[in-house]
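Worksheet for the structure shown next.
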Amino acid sequence: MKKIILYIAVSLDGYIADRDGSVDWIKGQDDSVESEDTFTPFFDSVDTVIMGKRTYDRIVTELSPDQWPYTGASTFVITHDDKSNKTEHIHFRNTPVCRLVDELRQQSGKNIWICGGAQIANQLIGADMIDTYHIAVIPVILGGGIKLFDTTEHKLDLALAGTKEYNGIIELTYHRKQS
């Protein structure tokens, strides 16, 4: 069965985007130092990407307007407007994300990446459907914006699987703790 992985960057104070929805602050502490590429090996482990419509819009208008950055994986965009321009690899779905994840995780293949945003992530966190939390803590305090974690109905126990540090960024990987 496919694993569900939340792979995301957060500020030290827990935000995934600033007050304007921007993520241009996601970088190491020293601009002259090239950051380690941990994304490519991660992306090689997935064949499905799930995101909300606001995340999709930010990618295609600001972050990568000329080329879709997740070629090679099927992308599912959760939206109320599922009449958007579907492509061969980008699918717009007006369905609850937990239902979509249940459907997709039964298929064969690689893992599923929860790309964003916070509403999508929090629905899955609240339903305890995330298998792995891979969180890159960026050396910045934003003081406001879009928080990654919302409140949950219950406590979720996690087990540390690994850490990595480079250029002031700390990557934390946790797995859902098995009872």
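If you're wondering about the labels, chains in the structure tokens are A, B, ... by order shown, residues count from 1 in each chain, ligands from 1 in order shown.
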
Excluding same-chain residues fewer than 4 positions from Gln106 (chain A), what lies within 12 Å of it counting only C-alpha atoms, as a tab-separated table (two decimals) with N, CA, C and O atoms, in the first residue's frame?
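Contents of the output file out.tsv:
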chain	number	residue	atom	x	y	z
A	1	MET	N	0.84	-1.19	0.00
A	1	MET	CA	0.00	0.00	0.00
A	1	MET	C	0.88	1.24	0.00
A	1	MET	O	1.90	1.28	0.66
A	2	LYS	N	0.46	2.25	-0.75
A	2	LYS	CA	1.22	3.49	-0.84
A	2	LYS	C	1.25	4.20	0.52
A	2	LYS	O	0.27	4.19	1.25
A	3	LYS	N	2.37	4.84	0.82
A	3	LYS	CA	2.50	5.66	2.02
A	3	LYS	C	2.11	7.09	1.68
A	3	LYS	O	2.33	7.58	0.58
A	4	ILE	N	1.55	7.79	2.66
A	4	ILE	CA	1.16	9.19	2.52
A	4	ILE	C	2.22	10.03	3.24
A	4	ILE	O	2.43	9.87	4.44
A	99	ARG	N	-11.13	11.00	1.20
A	99	ARG	CA	-11.71	9.98	0.30
A	99	ARG	C	-10.77	9.73	-0.88
A	99	ARG	O	-10.53	8.59	-1.27
A	100	LEU	N	-10.22	10.81	-1.45
A	100	LEU	CA	-9.29	10.67	-2.57
A	100	LEU	C	-8.05	9.88	-2.14
A	100	LEU	O	-7.60	8.98	-2.85
A	101	VAL	N	-7.50	10.20	-0.98
A	101	VAL	CA	-6.31	9.50	-0.50
A	101	VAL	C	-6.61	8.02	-0.27
A	101	VAL	O	-5.82	7.16	-0.65
A	102	ASP	N	-7.76	7.70	0.31
A	102	ASP	CA	-8.15	6.30	0.49
A	102	ASP	C	-8.18	5.56	-0.85
A	102	ASP	O	-7.72	4.43	-0.96
A	110	LYS	N	4.26	4.02	-6.42
A	110	LYS	CA	5.08	4.68	-5.42
A	110	LYS	C	4.18	5.42	-4.41
A	110	LYS	O	2.96	5.33	-4.47
A	111	ASN	N	4.82	6.19	-3.56
A	111	ASN	CA	4.11	6.89	-2.48
A	111	ASN	C	3.37	8.14	-2.98
A	111	ASN	O	3.53	8.56	-4.11
A	112	ILE	N	2.57	8.72	-2.08
A	112	ILE	CA	1.77	9.91	-2.35
A	112	ILE	C	2.32	11.08	-1.55
A	112	ILE	O	2.49	10.98	-0.33

- From a DSSP calculation on the backbone, collect every residue of chain A in strand (DSSP E or B) and output the set as a count of residues only. 59

- Within 9 Å of region 161-166 of chain A using only C-alpha atoms, minus same-chain residues under 6 positions, as an NGL selection string: :A and (28 or 35-36 or 172-175)

The selected residues should be written to file as an mmCIF file, in the first residue's frame (atoms: N, CA, C and O atoms).
data_model
loop_
_atom_site.group_PDB
_atom_site.id
_atom_site.type_symbol
_atom_site.label_atom_id
_atom_site.label_comp_id
_atom_site.auth_asym_id
_atom_site.auth_seq_id
_atom_site.Cartn_x
_atom_site.Cartn_y
_atom_site.Cartn_z
ATOM 1 N N GLY A 28 18.149 28.757 2.663
ATOM 2 C CA GLY A 28 19.080 28.622 3.783
ATOM 3 C C GLY A 28 19.507 29.963 4.327
ATOM 4 O O GLY A 28 19.143 31.024 3.802
ATOM 5 N N SER A 35 22.344 25.027 -1.257
ATOM 6 C CA SER A 35 21.681 24.096 -0.346
ATOM 7 C C SER A 35 21.694 22.689 -0.921
ATOM 8 O O SER A 35 21.680 22.493 -2.132
ATOM 9 N N GLU A 36 21.699 21.739 -0.041
ATOM 10 C CA GLU A 36 21.682 20.340 -0.440
ATOM 11 C C GLU A 36 20.335 20.001 -1.084
ATOM 12 O O GLU A 36 19.290 20.468 -0.632
ATOM 13 N N LEU A 172 13.422 17.365 9.477
ATOM 14 C CA LEU A 172 12.964 16.382 10.457
ATOM 15 C C LEU A 172 12.063 15.384 9.760
ATOM 16 O O LEU A 172 11.166 15.776 9.012
ATOM 17 N N THR A 173 12.292 14.108 9.996
ATOM 18 C CA THR A 173 11.422 13.077 9.430
ATOM 19 C C THR A 173 10.870 12.246 10.584
ATOM 20 O O THR A 173 11.635 11.688 11.383
ATOM 21 N N TYR A 174 9.548 12.199 10.652
ATOM 22 C CA TYR A 174 8.843 11.412 11.666
ATOM 23 C C TYR A 174 7.897 10.446 10.970
ATOM 24 O O TYR A 174 7.310 10.769 9.941
ATOM 25 N N HIS A 175 7.761 9.267 11.556
ATOM 26 C CA HIS A 175 6.767 8.303 11.091
ATOM 27 C C HIS A 175 5.663 8.214 12.149
ATOM 28 O O HIS A 175 5.909 8.472 13.333
#

- Message: Could you list, as a list of chain:residue names, every residue within 9 Å of Asp157 (chain A), counting only C-alpha atoms and ignoring same-chain residues fewer than 3 positions away?
- Response: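 Selected residues are A:His175, A:Arg176, A:Lys177, A:Gln178.
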
- Task: Could you check which of A:Leu6, A:Val33, A:Ile59, A:Val97 is closest to Trp113 (chain A), using only C-alpha atoms?
- Result: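 Ranked by minimum distance to Trp113 (chain A), first place goes to A:Leu6.
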
Please, which residues in region 91-123 of chain A fall within 7 Å of region 66-79 of chain A when counting only C-alpha atoms, and what is the closest atom pair and distance in Å to one decimal for each, ordered by chain then residue number, as a tab-separated table?
residue	atom	partner	partner_atom	distance
A:His91	CA	A:Phe76	CA	4.8
A:Phe92	CA	A:Val77	CA	4.7
A:Arg93	CA	A:Ile78	CA	5.1
A:Asn94	CA	A:Thr79	CA	5.2
A:Thr95	CA	A:Ile78	CA	6.9
A:Val97	CA	A:Ile78	CA	6.9

- Message: Just want the 12 Å neighbourhood of Asp31 (chain A), counted on only C-alpha atoms, with same-chain residues fewer than 6 positions away dropped. Output as a list in words.
- Response: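 Result of the neighbour search: Trp25, Asn167 and Gly168 of chain A.
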
Output file for the residues above (all heavy atoms, as an mmCIF file, in the first residue's frame):
data_model
loop_
_atom_site.group_PDB
_atom_site.id
_atom_site.type_symbol
_atom_site.label_atom_id
_atom_site.label_comp_id
_atom_site.auth_asym_id
_atom_site.auth_seq_id
_atom_site.Cartn_x
_atom_site.Cartn_y
_atom_site.Cartn_z
ATOM 1 N N TRP A 25 10.705 33.014 1.119
ATOM 2 C CA TRP A 25 11.581 32.961 2.280
ATOM 3 C C TRP A 25 12.181 31.561 2.479
ATOM 4 O O TRP A 25 13.032 31.364 3.347
ATOM 5 C CB TRP A 25 10.814 33.383 3.540
ATOM 6 C CG TRP A 25 9.504 32.658 3.683
ATOM 7 C CD1 TRP A 25 8.291 33.063 3.197
ATOM 8 C CD2 TRP A 25 9.286 31.388 4.283
ATOM 9 N NE1 TRP A 25 7.341 32.116 3.477
ATOM 10 C CE2 TRP A 25 7.920 31.072 4.148
ATOM 11 C CE3 TRP A 25 10.114 30.479 4.946
ATOM 12 C CZ2 TRP A 25 7.360 29.898 4.629
ATOM 13 C CZ3 TRP A 25 9.553 29.301 5.425
ATOM 14 C CH2 TRP A 25 8.193 29.029 5.264
ATOM 15 N N ASN A 167 23.048 24.379 5.803
ATOM 16 C CA ASN A 167 22.847 25.808 5.574
ATOM 17 C C ASN A 167 21.765 26.411 6.482
ATOM 18 O O ASN A 167 20.965 27.230 6.060
ATOM 19 C CB ASN A 167 22.530 26.075 4.092
ATOM 20 C CG ASN A 167 22.728 27.537 3.714
ATOM 21 O OD1 ASN A 167 23.321 28.320 4.453
ATOM 22 N ND2 ASN A 167 22.211 27.918 2.565
ATOM 23 N N GLY A 168 21.736 25.964 7.719
ATOM 24 C CA GLY A 168 20.774 26.493 8.688
ATOM 25 C C GLY A 168 19.402 25.854 8.642
ATOM 26 O O GLY A 168 18.552 26.141 9.478
#

- Item | Residue among A:Val140, A:Ile90, A:Ile146, A:Ala159 lying closest to Tyr56 (chain A), counting only C-alpha atoms |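 So, comparing all the options, the nearest one is A:Ile90.
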
- Quick one: everything within 12 Å of region 119-121 of chain A, counting only C-alpha atoms, minus sequence neighbours fewer than 2 positions away in the same chain. Send it as number ranges by chain. A: 4-8, 16, 49-55, 76-79, 95-101, 113-117, 123-130, 132-133, 146-152

- Task: Considering only C-alpha atoms, state which residue in the set A:Leu63, A:Leu104, A:Leu158, A:Ala118 is at the smallest distance from Val23 (chain A).
- Result: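 Between A:Leu63, A:Leu104, A:Leu158, A:Ala118, the residue approaching Val23 (chain A) most closely is A:Leu63.
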